[in-house]
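Engineer: Provided herewith: upload31.pdb, PDB, C-alpha atoms and all ligand atoms.
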```pdb
MODEL        1
ATOM      1  CA  MET A   1      12.427 -22.222   2.908
ATOM      2  CA  PHE A   2       8.904 -22.837   1.660
ATOM      3  CA  SER A   3       9.710 -25.741  -0.626
ATOM      4  CA  SER A   4       8.207 -28.452   1.550
ATOM      5  CA  PHE A   5       4.996 -26.536   2.168
ATOM      6  CA  PHE A   6       4.267 -24.792  -1.080
ATOM      7  CA  HIS A   7       3.872 -25.862  -4.626
ATOM      8  CA  LEU A   8       3.823 -23.939  -7.844
ATOM      9  CA  ASN A   9       0.351 -23.266  -8.990
ATOM     10  CA  HIS A  10      -0.681 -23.717 -12.582
ATOM     11  CA  GLN A  11      -4.359 -22.912 -12.241
ATOM     12  CA  MET A  12      -4.286 -19.333 -11.027
ATOM     13  CA  ASN A  13      -3.571 -16.333 -13.192
ATOM     14  CA  VAL A  14       0.042 -15.751 -12.334
ATOM     15  CA  PRO A  15       1.934 -12.987 -14.100
ATOM     16  CA  ALA A  16       4.082 -14.910 -16.534
ATOM     17  CA  ASP A  17       6.140 -12.151 -18.051
ATOM     18  CA  ASP A  18       9.003 -10.293 -16.468
ATOM     19  CA  LEU A  19       9.019 -12.315 -13.266
ATOM     20  CA  PHE A  20       9.682 -15.609 -14.929
ATOM     21  CA  MET A  21      12.317 -14.009 -17.112
ATOM     22  CA  ARG A  22      14.094 -12.896 -13.974
ATOM     23  CA  GLY A  23      13.785 -16.329 -12.430
ATOM     24  CA  ILE A  24      11.460 -15.125  -9.683
ATOM     25  CA  GLN A  25       8.963 -17.795  -8.752
ATOM     26  CA  ILE A  26       5.472 -17.122  -7.542
ATOM     27  CA  ILE A  27       4.339 -19.734  -5.075
ATOM     28  CA  GLN A  28       0.771 -20.437  -4.119
ATOM     29  CA  HIS A  29      -0.155 -20.334  -0.448
ATOM     30  CA  PRO A  30      -1.401 -23.790   0.528
ATOM     31  CA  LEU A  31      -4.408 -22.586   2.506
ATOM     32  CA  ILE A  32      -6.054 -20.994  -0.494
ATOM     33  CA  ASN A  33      -8.415 -23.211  -2.431
ATOM     34  CA  ASP A  34      -7.999 -25.985   0.109
ATOM     35  CA  PRO A  35     -11.488 -27.506   0.567
ATOM     36  CA  GLU A  36     -10.445 -29.179   3.843
ATOM     37  CA  LYS A  37      -9.458 -25.912   5.503
ATOM     38  CA  LYS A  38     -12.385 -23.987   4.042
ATOM     39  CA  ILE A  39     -10.517 -20.736   4.339
ATOM     40  CA  ASP A  40     -12.402 -18.082   2.492
ATOM     41  CA  HIS A  41     -10.416 -14.877   2.442
ATOM     42  CA  PHE A  42     -11.697 -13.515  -0.844
ATOM     43  CA  ASN A  43     -14.867 -12.970  -2.842
ATOM     44  CA  GLU A  44     -16.007 -11.611  -6.194
ATOM     45  CA  ARG A  45     -15.069  -8.206  -7.584
ATOM     46  CA  ILE A  46     -18.608  -7.024  -8.069
ATOM     47  CA  ASN A  47     -20.787  -4.099  -7.148
ATOM     48  CA  LYS A  48     -22.880  -5.496  -4.311
ATOM     49  CA  GLY A  49     -25.956  -3.557  -5.409
ATOM     50  CA  THR A  50     -25.974  -4.225  -9.129
ATOM     51  CA  GLY A  51     -23.769  -7.317  -9.415
ATOM     52  CA  ALA A  52     -21.764  -5.571 -12.142
ATOM     53  CA  PRO A  53     -18.079  -6.497 -12.314
ATOM     54  CA  ILE A  54     -15.599  -3.939 -10.938
ATOM     55  CA  GLU A  55     -12.374  -3.179 -12.743
ATOM     56  CA  ILE A  56      -8.955  -3.280 -11.096
ATOM     57  CA  ASP A  57      -7.472   0.228 -11.175
ATOM     58  CA  HIS A  58      -5.504   0.568  -7.915
ATOM     59  CA  LEU A  59      -2.430  -1.093  -6.442
ATOM     60  CA  VAL A  60      -2.106  -0.929  -2.635
ATOM     61  CA  LEU A  61       1.235  -1.604  -0.939
ATOM     62  CA  HIS A  62       1.422  -2.754   2.670
ATOM     63  CA  CYS A  63       3.937  -3.835   5.248
ATOM     64  CA  SER A  64       3.228  -7.088   7.028
ATOM     65  CA  CYS A  65       4.905  -5.702  10.158
ATOM     66  CA  GLU A  66       5.372  -9.105  11.690
ATOM     67  CA  PRO A  67       8.041 -11.747  11.342
ATOM     68  CA  ASP A  68       5.730 -14.693  10.731
ATOM     69  CA  ILE A  69       4.378 -13.437   7.464
ATOM     70  CA  GLU A  70       2.135 -16.432   6.848
ATOM     71  CA  ASN A  71      -0.033 -15.231   9.724
ATOM     72  CA  VAL A  72      -1.025 -12.299   7.553
ATOM     73  CA  LEU A  73      -3.418 -14.599   5.788
ATOM     74  CA  ASP A  74      -4.872 -16.297   8.834
ATOM     75  CA  ARG A  75      -5.292 -13.425  11.211
ATOM     76  CA  ARG A  76      -8.778 -11.954  11.430
ATOM     77  CA  GLY A  77      -9.721 -13.049   7.944
ATOM     78  CA  LEU A  78      -7.325 -10.631   6.273
ATOM     79  CA  SER A  79      -5.805 -11.401   2.934
ATOM     80  CA  ALA A  80      -3.706  -9.902   0.187
ATOM     81  CA  HIS A  81      -3.104 -11.074  -3.343
ATOM     82  CA  TYR A  82       0.634 -11.339  -2.781
ATOM     83  CA  VAL A  83       2.958 -11.552   0.186
ATOM     84  CA  ILE A  84       6.652 -10.862  -0.346
ATOM     85  CA  HIS A  85       8.989 -12.398   2.192
ATOM     86  CA  LYS A  86      12.155 -10.551   3.147
ATOM     87  CA  ASP A  87      14.169 -13.235   1.280
ATOM     88  CA  GLY A  88      12.346 -12.216  -1.910
ATOM     89  CA  THR A  89       9.969 -15.182  -2.078
ATOM     90  CA  ILE A  90       6.579 -14.193  -3.517
ATOM     91  CA  LEU A  91       3.512 -16.023  -2.246
ATOM     92  CA  GLN A  92       0.295 -15.650  -4.150
ATOM     93  CA  CYS A  93      -2.581 -15.878  -1.694
ATOM     94  CA  VAL A  94      -5.539 -14.729  -3.763
ATOM     95  CA  ASP A  95      -6.102 -14.819  -7.501
ATOM     96  CA  GLU A  96      -5.946 -11.329  -8.995
ATOM     97  CA  SER A  97      -9.440 -11.725 -10.399
ATOM     98  CA  LYS A  98     -10.854 -12.004  -6.843
ATOM     99  CA  ARG A  99     -11.417  -9.337  -4.187
ATOM    100  CA  ALA A 100      -9.027  -9.721  -1.236
ATOM    101  CA  TYR A 101      -9.436  -8.136   2.202
ATOM    102  CA  HIS A 102      -6.543  -5.748   2.733
ATOM    103  CA  ALA A 103      -7.871  -2.197   2.429
ATOM    104  CA  TYR A 104     -10.947  -1.614   4.531
ATOM    105  CA  PRO A 105     -11.857   1.097   5.298
ATOM    106  CA  ALA A 106     -10.205   3.211   2.612
ATOM    107  CA  PHE A 107     -10.507   6.454   0.727
ATOM    108  CA  TRP A 108      -8.597   7.632  -2.333
ATOM    109  CA  ASP A 109      -9.689  10.177  -4.901
ATOM    110  CA  LYS A 110     -13.287   9.287  -4.009
ATOM    111  CA  VAL A 111     -12.981   5.757  -5.415
ATOM    112  CA  GLY A 112     -12.979   3.923  -2.105
ATOM    113  CA  GLY A 113     -15.026   6.659  -0.545
ATOM    114  CA  ARG A 114     -17.450   5.986   2.231
ATOM    115  CA  GLU A 115     -18.653   2.875   0.442
ATOM    116  CA  ASN A 116     -15.321   1.245   1.182
ATOM    117  CA  ASN A 117     -14.964  -0.363  -2.175
ATOM    118  CA  MET A 118     -11.177  -0.164  -2.440
ATOM    119  CA  ASN A 119     -10.817  -3.928  -2.034
ATOM    120  CA  ALA A 120     -12.956  -4.450  -5.118
ATOM    121  CA  HIS A 121     -10.884  -1.916  -7.082
ATOM    122  CA  SER A 122      -7.415  -2.987  -6.060
ATOM    123  CA  ILE A 123      -4.658  -5.554  -5.889
ATOM    124  CA  GLY A 124      -2.896  -5.708  -2.523
ATOM    125  CA  ILE A 125       0.708  -6.655  -1.807
ATOM    126  CA  GLU A 126       2.082  -7.201   1.708
ATOM    127  CA  ILE A 127       5.851  -6.778   1.996
ATOM    128  CA  GLU A 128       7.695  -8.082   4.997
ATOM    129  CA  ASN A 129       9.715  -5.590   6.965
ATOM    130  CA  PRO A 130      12.381  -7.229   9.095
ATOM    131  CA  THR A 131      11.198  -5.538  12.279
ATOM    132  CA  PHE A 132       7.891  -4.589  13.766
ATOM    133  CA  GLY A 133       6.453  -1.277  12.761
ATOM    134  CA  ALA A 134       8.332  -1.130   9.454
ATOM    135  CA  ALA A 135      11.070   0.491  11.467
ATOM    136  CA  THR A 136      14.050  -0.866   9.563
ATOM    137  CA  HIS A 137      14.885  -0.707   5.895
ATOM    138  CA  TYR A 138      13.212  -3.170   3.559
ATOM    139  CA  THR A 139      15.498  -5.855   2.207
ATOM    140  CA  ASP A 140      16.987  -5.608  -1.277
ATOM    141  CA  ALA A 141      15.704  -9.123  -1.959
ATOM    142  CA  ALA A 142      12.118  -8.070  -1.208
ATOM    143  CA  MET A 143      12.485  -4.972  -3.395
ATOM    144  CA  ASN A 144      14.008  -7.017  -6.237
ATOM    145  CA  SER A 145      10.850  -9.130  -6.253
ATOM    146  CA  LEU A 146       8.446  -6.256  -5.619
ATOM    147  CA  ILE A 147       9.579  -4.156  -8.583
ATOM    148  CA  PRO A 148       8.922  -6.702 -11.370
ATOM    149  CA  LEU A 149       5.731  -7.871  -9.642
ATOM    150  CA  CYS A 150       4.379  -4.288  -9.501
ATOM    151  CA  ASN A 151       5.453  -3.593 -13.080
ATOM    152  CA  SER A 152       3.666  -6.709 -14.230
ATOM    153  CA  ILE A 153       0.448  -5.830 -12.350
ATOM    154  CA  ILE A 154       0.527  -2.191 -13.495
ATOM    155  CA  ALA A 155       1.043  -3.183 -17.130
ATOM    156  CA  ARG A 156      -1.564  -5.947 -17.235
ATOM    157  CA  HIS A 157      -4.297  -3.909 -15.530
ATOM    158  CA  HIS A 158      -3.290  -0.471 -16.877
ATOM    159  CA  ILE A 159      -3.111   0.981 -13.366
ATOM    160  CA  PRO A 160      -2.337   4.719 -13.549
ATOM    161  CA  PRO A 161       0.629   5.932 -11.465
ATOM    162  CA  HIS A 162      -1.584   8.147  -9.262
ATOM    163  CA  ASN A 163      -3.406   5.012  -8.119
ATOM    164  CA  VAL A 164      -0.309   3.229  -6.804
ATOM    165  CA  ILE A 165      -0.726   3.913  -3.106
ATOM    166  CA  GLY A 166       0.327   2.912   0.390
ATOM    167  CA  HIS A 167      -2.105   1.696   3.024
ATOM    168  CA  SER A 168      -1.513   4.814   5.134
ATOM    169  CA  ASP A 169      -2.383   7.005   2.126
ATOM    170  CA  ILE A 170      -5.890   5.546   1.986
ATOM    171  CA  ASN A 171      -6.440   5.222   5.750
ATOM    172  CA  PRO A 172      -4.346   7.959   7.411
ATOM    173  CA  VAL A 173      -6.156   7.687  10.735
ATOM    174  CA  GLY A 174      -5.808   3.943  11.191
ATOM    175  CA  LYS A 175      -2.695   2.766   9.348
ATOM    176  CA  ALA A 176       0.995   3.631   9.099
ATOM    177  CA  ASP A 177       2.187   1.002   6.619
ATOM    178  CA  PRO A 178       4.250   0.629   4.523
ATOM    179  CA  GLY A 179       5.964   3.235   6.689
ATOM    180  CA  ARG A 180       8.426   6.066   6.475
ATOM    181  CA  LEU A 181      11.262   3.837   5.218
ATOM    182  CA  PHE A 182       9.415   2.461   2.219
ATOM    183  CA  PRO A 183      11.461   3.449  -0.864
ATOM    184  CA  TRP A 184       8.780   5.351  -2.791
ATOM    185  CA  MET A 185      11.325   7.537  -4.558
ATOM    186  CA  GLU A 186      13.320   4.573  -5.866
ATOM    187  CA  LEU A 187      10.131   2.778  -6.932
ATOM    188  CA  SER A 188       8.918   5.830  -8.863
ATOM    189  CA  LYS A 189      12.101   5.646 -10.935
ATOM    190  CA  GLU A 190      11.060   2.093 -11.874
ATOM    191  CA  GLY A 191       7.668   3.376 -13.026
ATOM    192  CA  ILE A 192       5.846   2.508  -9.793
ATOM    193  CA  GLY A 193       3.870   5.416  -8.323
ATOM    194  CA  LEU A 194       4.541   9.146  -8.363
ATOM    195  CA  TYR A 195       7.273  10.983  -6.498
ATOM    196  CA  PRO A 196       8.291  14.488  -7.607
ATOM    197  CA  GLU A 197      11.813  15.788  -7.328
ATOM    198  CA  LYS A 198      12.289  18.882  -5.219
ATOM    199  CA  GLY A 199      11.888  22.092  -7.200
ATOM    200  CA  ASN A 200       9.244  20.606  -9.498
ATOM    201  CA  GLU A 201       6.426  22.613 -10.954
ATOM    202  CA  ARG A 202       3.782  23.549  -8.355
ATOM    203  CA  VAL A 203       0.048  23.990  -7.993
ATOM    204  CA  PRO A 204      -0.443  27.687  -7.095
ATOM    205  CA  SER A 205      -2.882  27.051  -4.200
ATOM    206  CA  SER A 206      -1.494  27.500  -0.712
ATOM    207  CA  ASN A 207      -4.397  25.770   1.018
ATOM    208  CA  PRO A 208      -3.057  22.484   2.501
ATOM    209  CA  LYS A 209      -6.492  20.858   2.567
ATOM    210  CA  GLU A 210      -7.138  21.611  -1.079
ATOM    211  CA  LEU A 211      -3.661  20.375  -2.061
ATOM    212  CA  LEU A 212      -4.122  17.108  -0.161
ATOM    213  CA  GLN A 213      -7.457  16.582  -1.907
ATOM    214  CA  ILE A 214      -5.879  17.163  -5.326
ATOM    215  CA  ILE A 215      -3.403  14.387  -4.504
ATOM    216  CA  GLY A 216      -6.268  12.088  -3.479
ATOM    217  CA  TYR A 217      -6.247  12.118   0.322
ATOM    218  CA  ASP A 218      -9.252  12.138   2.596
ATOM    219  CA  THR A 219      -8.913  15.316   4.699
ATOM    220  CA  GLU A 220     -11.422  14.661   7.436
ATOM    221  CA  ASN A 221      -8.613  14.357   9.986
ATOM    222  CA  MET A 222      -6.016  16.896   8.889
ATOM    223  CA  PRO A 223      -3.299  16.073  11.455
ATOM    224  CA  ALA A 224      -3.430  12.367  10.519
ATOM    225  CA  THR A 225      -3.521  13.137   6.804
ATOM    226  CA  MET A 226      -0.548  15.516   7.014
ATOM    227  CA  GLN A 227       1.275  12.763   8.898
ATOM    228  CA  ALA A 228       0.470  10.293   6.089
ATOM    229  CA  PHE A 229       1.589  12.812   3.465
ATOM    230  CA  LYS A 230       4.905  13.403   5.229
ATOM    231  CA  ARG A 231       5.397   9.675   5.779
ATOM    232  CA  ARG A 232       5.412   9.254   2.031
ATOM    233  CA  PHE A 233       6.723  12.518   0.599
ATOM    234  CA  MET A 234       8.780  14.114   3.412
ATOM    235  CA  PRO A 235       9.912  11.160   5.555
ATOM    236  CA  ASP A 236      12.867  13.080   7.001
ATOM    237  CA  ALA A 237      10.510  15.724   8.418
ATOM    238  CA  LEU A 238       8.295  13.197  10.183
ATOM    239  CA  LYS A 239       7.555  13.637  13.864
ATOM    240  CA  TYR A 240       5.496  11.452  16.193
ATOM    241  CA  GLU A 241       6.398   8.205  14.450
ATOM    242  CA  ALA A 242       7.651   4.942  15.922
ATOM    243  CA  THR A 243      11.390   4.802  15.500
ATOM    244  CA  GLY A 244      12.169   1.146  16.005
ATOM    245  CA  SER A 245      15.021   1.789  18.424
ATOM    246  CA  ASP A 246      13.190  -0.467  20.877
ATOM    247  CA  GLU A 247      11.409  -3.254  19.061
ATOM    248  CA  LYS A 248       8.985  -4.084  21.857
ATOM    249  CA  ALA A 249       7.998  -0.471  22.371
ATOM    250  CA  THR A 250       7.533  -0.055  18.634
ATOM    251  CA  LEU A 251       5.309  -3.107  18.450
ATOM    252  CA  LYS A 252       3.205  -1.832  21.317
ATOM    253  CA  PHE A 253       2.884   1.519  19.605
ATOM    254  CA  MET A 254       1.890  -0.035  16.305
ATOM    255  CA  GLU A 255      -0.665  -2.397  17.866
ATOM    256  CA  ASN A 256      -2.818   0.528  18.909
ATOM    257  CA  TYR A 257      -1.646   2.785  16.161
ATOM    258  CA  SER A 258      -4.674   5.019  15.706
ATOM    259  CA  GLU A 259      -5.217   5.405  19.447
ATOM    260  CA  ASN A 260      -1.579   6.353  19.978
ATOM    261  CA  MET A 261      -1.539   8.747  17.049
ATOM    262  CA  ALA A 262      -4.673  10.456  18.365
ATOM    263  CA  LYS A 263      -2.789  11.146  21.605
ATOM    264  CA  LEU A 264       0.391  12.309  19.908
ATOM    265  CA  LEU A 265      -0.847  14.413  17.044
ATOM    266  CA  PRO A 266      -1.845  18.008  17.727
ATOM    267  CA  GLN A 267      -5.551  18.755  17.333
ATOM    268  CA  LYS A 268      -4.898  21.701  15.089
ATOM    269  CA  ILE A 269      -2.056  21.787  12.660
ATOM    270  CA  SER A 270       0.035  24.594  11.397
ATOM    271  CA  VAL A 271       1.542  23.682   8.071
ATOM    272  CA  THR A 272       5.022  25.136   7.583
ATOM    273  CA  PRO A 273       6.052  26.961   4.379
ATOM    274  CA  SER A 274       8.321  24.073   3.360
ATOM    275  CA  GLU A 275       5.455  21.619   3.858
ATOM    276  CA  VAL A 276       3.175  23.799   1.720
ATOM    277  CA  GLN A 277       5.851  23.884  -0.966
ATOM    278  CA  ARG A 278       6.137  20.085  -0.931
ATOM    279  CA  LEU A 279       2.333  19.738  -1.038
ATOM    280  CA  GLN A 280       2.266  22.018  -4.094
ATOM    281  CA  GLU A 281       4.950  19.964  -5.894
ATOM    282  CA  VAL A 282       3.241  16.664  -5.149
ATOM    283  CA  ALA A 283      -0.219  17.993  -6.030
ATOM    284  CA  LYS A 284       1.128  19.124  -9.399
ATOM    285  CA  ILE A 285       2.286  15.680 -10.547
ATOM    286  CA  TYR A 286      -0.939  14.059  -9.344
ATOM    287  CA  GLN A 287      -2.985  16.715 -11.112
ATOM    288  CA  MET A 288      -0.991  16.240 -14.326
ATOM    289  CA  SER A 289      -1.235  12.471 -14.136
ATOM    290  CA  ARG A 290      -5.004  12.497 -13.633
ATOM    291  CA  THR A 291      -5.534  15.079 -16.398
ATOM    292  CA  LYS A 292      -3.655  12.817 -18.799
ATOM    293  CA  MET A 293      -5.996   9.916 -18.006
ATOM    294  CA  ARG A 294      -9.268  11.770 -18.350
TER     295      ARG A 294
HETATM  296 ZN    ZN B   1      -1.726  -2.559   5.489
ENDMDL
END
```
What is this file in structure tokens?

Structural biologist:
Amino acid sequence: MFSSFFHLNHQMNVPADDLFMRGIQIIQHPLINDPEKKIDHFNERINKGTGAPIEIDHLVLHCSCEPDIENVLDRRGLSAHYVIHKDGTILQCVDESKRAYHAYPAFWDKVGGRENNMNAHSIGIEIENPTFGAATHYTDAAMNSLIPLCNSIIARHHIPPHNVIGHSDINPVGKADPGRLFPWMELSKEGIGLYPEKGNERVPSSNPKELLQIIGYDTENMPATMQAFKRRFMPDALKYEATGSDEKATLKFMENYSENMAKLLPQKISVTPSEVQRLQEVAKIYQMSRTKMR
């Protein structure tokens, strides 16, 4: 569907390995590098203070949550390195060597921290969900493109599995994407991210805050962070989330996501024994993964 608007790009650093072997094309978005349009949705991956280059060591997965996925690039100066259409088409919007604008503000294992440097540290992929609010299942075609693209990025940049994250993991208060239906468990079996089986080894702590911090979460807002944790690791136990039964209502909910969540979530949380158990299992694989890297 993009053939009349997009052309294959031979100048950018496109991953040439597994994707091409599978016959998956990466297409360059026409607005990028177009001097007429002067669209500037990226800059250099450097430390603003020292000018030193910053290494890519995170992969952030998003949901575009809107049907006209090309708007992702134009709206409010946002950008991502790749956009995957529900038919499996991959658009490259920003060269991997540049810093795109998809993860601000963000916090993960103190890397993004209060300095909000996650954009400089990461590659961002937006995946189209067929309905607003990521309320229906992602298409097989999108997943069949996402898996080799992620594997290629992870291999080329040596991104550790504990740094493959969803937008809501790094901004639990403001973001819900890629949502409770994102297939994290299936992706982990393809080597993308971490997802422990039930009954795994556990971290002995029973302090939810401490366990969330071991995983990498910011715990300033515990109700929102527990919601983000459950969205990813206990999606069946999730309350207070848009369901998608009414598309318009879901869209409205998602538009003012953080405001709506603030109204819905309890101020104080009581973490159930089964939630603590899940936190302990998840914390254990993150702890083991990070120990291996250090
Ligand atoms: Zn996002």

Engineer: Please write out, as JSON, where the centre of an axis-aligned box around all listed atoms of segment 280-290 of chain A lies and how long its edges are, in Å to one decimal, after adding 6 Å on each side.

Structural biologist:
```
{"center_x": 0.0, "center_y": 17.2, "center_z": -9.2, "size_x": 22.0, "size_y": 21.5, "size_z": 22.2}
```

Engineer: Take the PyMOL selection byres (((chain A and resi 84-97) around 8) and not hetatm), run it mentally on this structure, and tell me the resulting residues as JSON, numbers by chain.

Structural biologist: {"A": [12, 13, 14, 24, 25, 26, 27, 28, 29, 32, 41, 42, 44, 45, 69, 73, 79, 80, 81, 82, 83, 98, 99, 100, 123, 125, 126, 127, 128, 129, 130, 138, 139, 141, 142, 143, 144, 145, 146]}

Engineer: Would you translate the PyMOL selection byres (((chain A and resi 224) around 9) and not hetatm) into the concrete set of residues it matches in this file, as a list in words?

Structural biologist: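 Written out, the selection comes to Pro172, Val173, Gly174, Thr219, Glu220, Asn221, Met222, Pro223, Thr225, Met226, Gln227, Ala228, Phe229, Met261, Ala262 and Leu265 of chain A.
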
Engineer: Suppose we keep C-alpha atoms; can you now write the selection as an mmCIF file, in the frame of the given file?

Structural biologist:
```cif
data_model
loop_
_atom_site.group_PDB
_atom_site.id
_atom_site.type_symbol
_atom_site.label_atom_id
_atom_site.label_comp_id
_atom_site.auth_asym_id
_atom_site.auth_seq_id
_atom_site.Cartn_x
_atom_site.Cartn_y
_atom_site.Cartn_z
ATOM 1 C CA PRO A 172 -4.346 7.959 7.411
ATOM 2 C CA VAL A 173 -6.156 7.687 10.735
ATOM 3 C CA GLY A 174 -5.808 3.943 11.191
ATOM 4 C CA THR A 219 -8.913 15.316 4.699
ATOM 5 C CA GLU A 220 -11.422 14.661 7.436
ATOM 6 C CA ASN A 221 -8.613 14.357 9.986
ATOM 7 C CA MET A 222 -6.016 16.896 8.889
ATOM 8 C CA PRO A 223 -3.299 16.073 11.455
ATOM 9 C CA THR A 225 -3.521 13.137 6.804
ATOM 10 C CA MET A 226 -0.548 15.516 7.014
ATOM 11 C CA GLN A 227 1.275 12.763 8.898
ATOM 12 C CA ALA A 228 0.470 10.293 6.089
ATOM 13 C CA PHE A 229 1.589 12.812 3.465
ATOM 14 C CA MET A 261 -1.539 8.747 17.049
ATOM 15 C CA ALA A 262 -4.673 10.456 18.365
ATOM 16 C CA LEU A 265 -0.847 14.413 17.044
#
```

Engineer: Show me, as a tab-separated table, the residues of chain A having an atom within 7 Å of ligand ZN 1 (chain B), each with the closest atom pair and its distance in Å, using all atoms listed in the file.

Structural biologist:
```
residue	atom	partner	partner_atom	distance
A:His62	CA	B:ZN1	ZN	4.2
A:Cys63	CA	B:ZN1	ZN	5.8
A:Ser64	CA	B:ZN1	ZN	6.9
A:His102	CA	B:ZN1	ZN	6.4
A:Ala103	CA	B:ZN1	ZN	6.9
A:His167	CA	B:ZN1	ZN	4.9
A:Lys175	CA	B:ZN1	ZN	6.6
A:Asp177	CA	B:ZN1	ZN	5.4
A:Pro178	CA	B:ZN1	ZN	6.8
```

Engineer: Distance atom CA of Met185 of chain A-atom CA of Met234 of chain A, one decimal place?

Structural biologist: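 If I compute the distance from atom CA of Met185 of chain A to atom CA of Met234 of chain A, I get 10.6 Å.
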
Engineer: Restricting the calculation to all atoms listed in the file: of A:Asn260, A:Asn163, A:Thr291, A:Ser188, which residue gets closest to His121 of chain A?

Structural biologist: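 Closest to His121 of chain A of all the choices is A:Asn163.
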
Engineer: Report the distance between atom CA of Glu281 of chain A and atom CA of Asp169 of chain A in Å, rounded to one decimal place.

Structural biologist: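 Separating atom CA of Glu281 of chain A from atom CA of Asp169 of chain A is a distance of 16.9 Å.
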
Engineer: Which residues of segment 145-203 of chain A sit at most 10 Å from segment 236-252 of chain A, using all atoms listed in the file? Give each one's shortest atom pair and distance in Å (one decimal place), in chain and ascending residue order, as CSV.

Structural biologist:
```
residue,atom,partner,partner_atom,distance
A:Ala176,CA,A:Glu241,CA,8.9
A:Gly179,CA,A:Glu241,CA,9.2
A:Arg180,CA,A:Leu238,CA,8.0
A:Leu181,CA,A:Asp236,CA,9.5
```

Engineer: Pick from A:Ser205, A:Asn256, A:Ser274, A:Gln287: nearest to Pro161 of chain A, with only C-alpha atoms counted?

Structural biologist: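 Ranked by minimum distance to Pro161 of chain A, first place goes to A:Gln287.
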
Engineer: Between A:Ala120, A:Leu211, A:Leu187, A:Ile192, which one has atoms that come closest to Val164 of chain A, using only C-alpha atoms?

Structural biologist: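 Of all the options, A:Ile192 lies closest to Val164 of chain A.
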
Engineer: Enter the distance from atom CA of Ile165 of chain A to atom CA of Gly193 of chain A, in Å, rounded to one decimal.

Structural biologist: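 According to the coordinates, atom CA of Ile165 of chain A and atom CA of Gly193 of chain A are separated by 7.1 Å.
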
Engineer: Excluding Ile214 of chain A and its own-chain neighbours fewer than 4 positions away, which residues fall within 12 Å of it when counting all atoms listed in the file? Please give them as number ranges by chain.

Structural biologist: A: 108-110, 162, 202-205, 207-210, 218-219, 279-291

Engineer: Go through A:Tyr195, A:Val276, A:Ile56, A:Ser168 and flag the residue nearest Tyr257 of chain A, using only C-alpha atoms for the distances.

Structural biologist: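 Closest residue, counting only C-alpha atoms: A:Ser168.
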
Engineer: Which residue gives the smallest distance to Met293 of chain A among A:Gly191, A:Gly199, A:Pro160, A:Gly166, with all atoms listed in the file counted?

Structural biologist: A:Pro160

Engineer: Between A:Asn117, A:Asn47, A:Ser122, A:Gln213, which is the closest to Leu61 of chain A once you count all atoms listed in the file?

Structural biologist: A:Ser122

Engineer: Within 8 Å of Asn171 of chain A, counting only C-alpha atoms, which residues show up once you throw out same-chain ones fewer than 6 positions away? Write them as a list of chain:residue names, please.

Structural biologist: A:Pro105, A:Ala106, A:Phe107
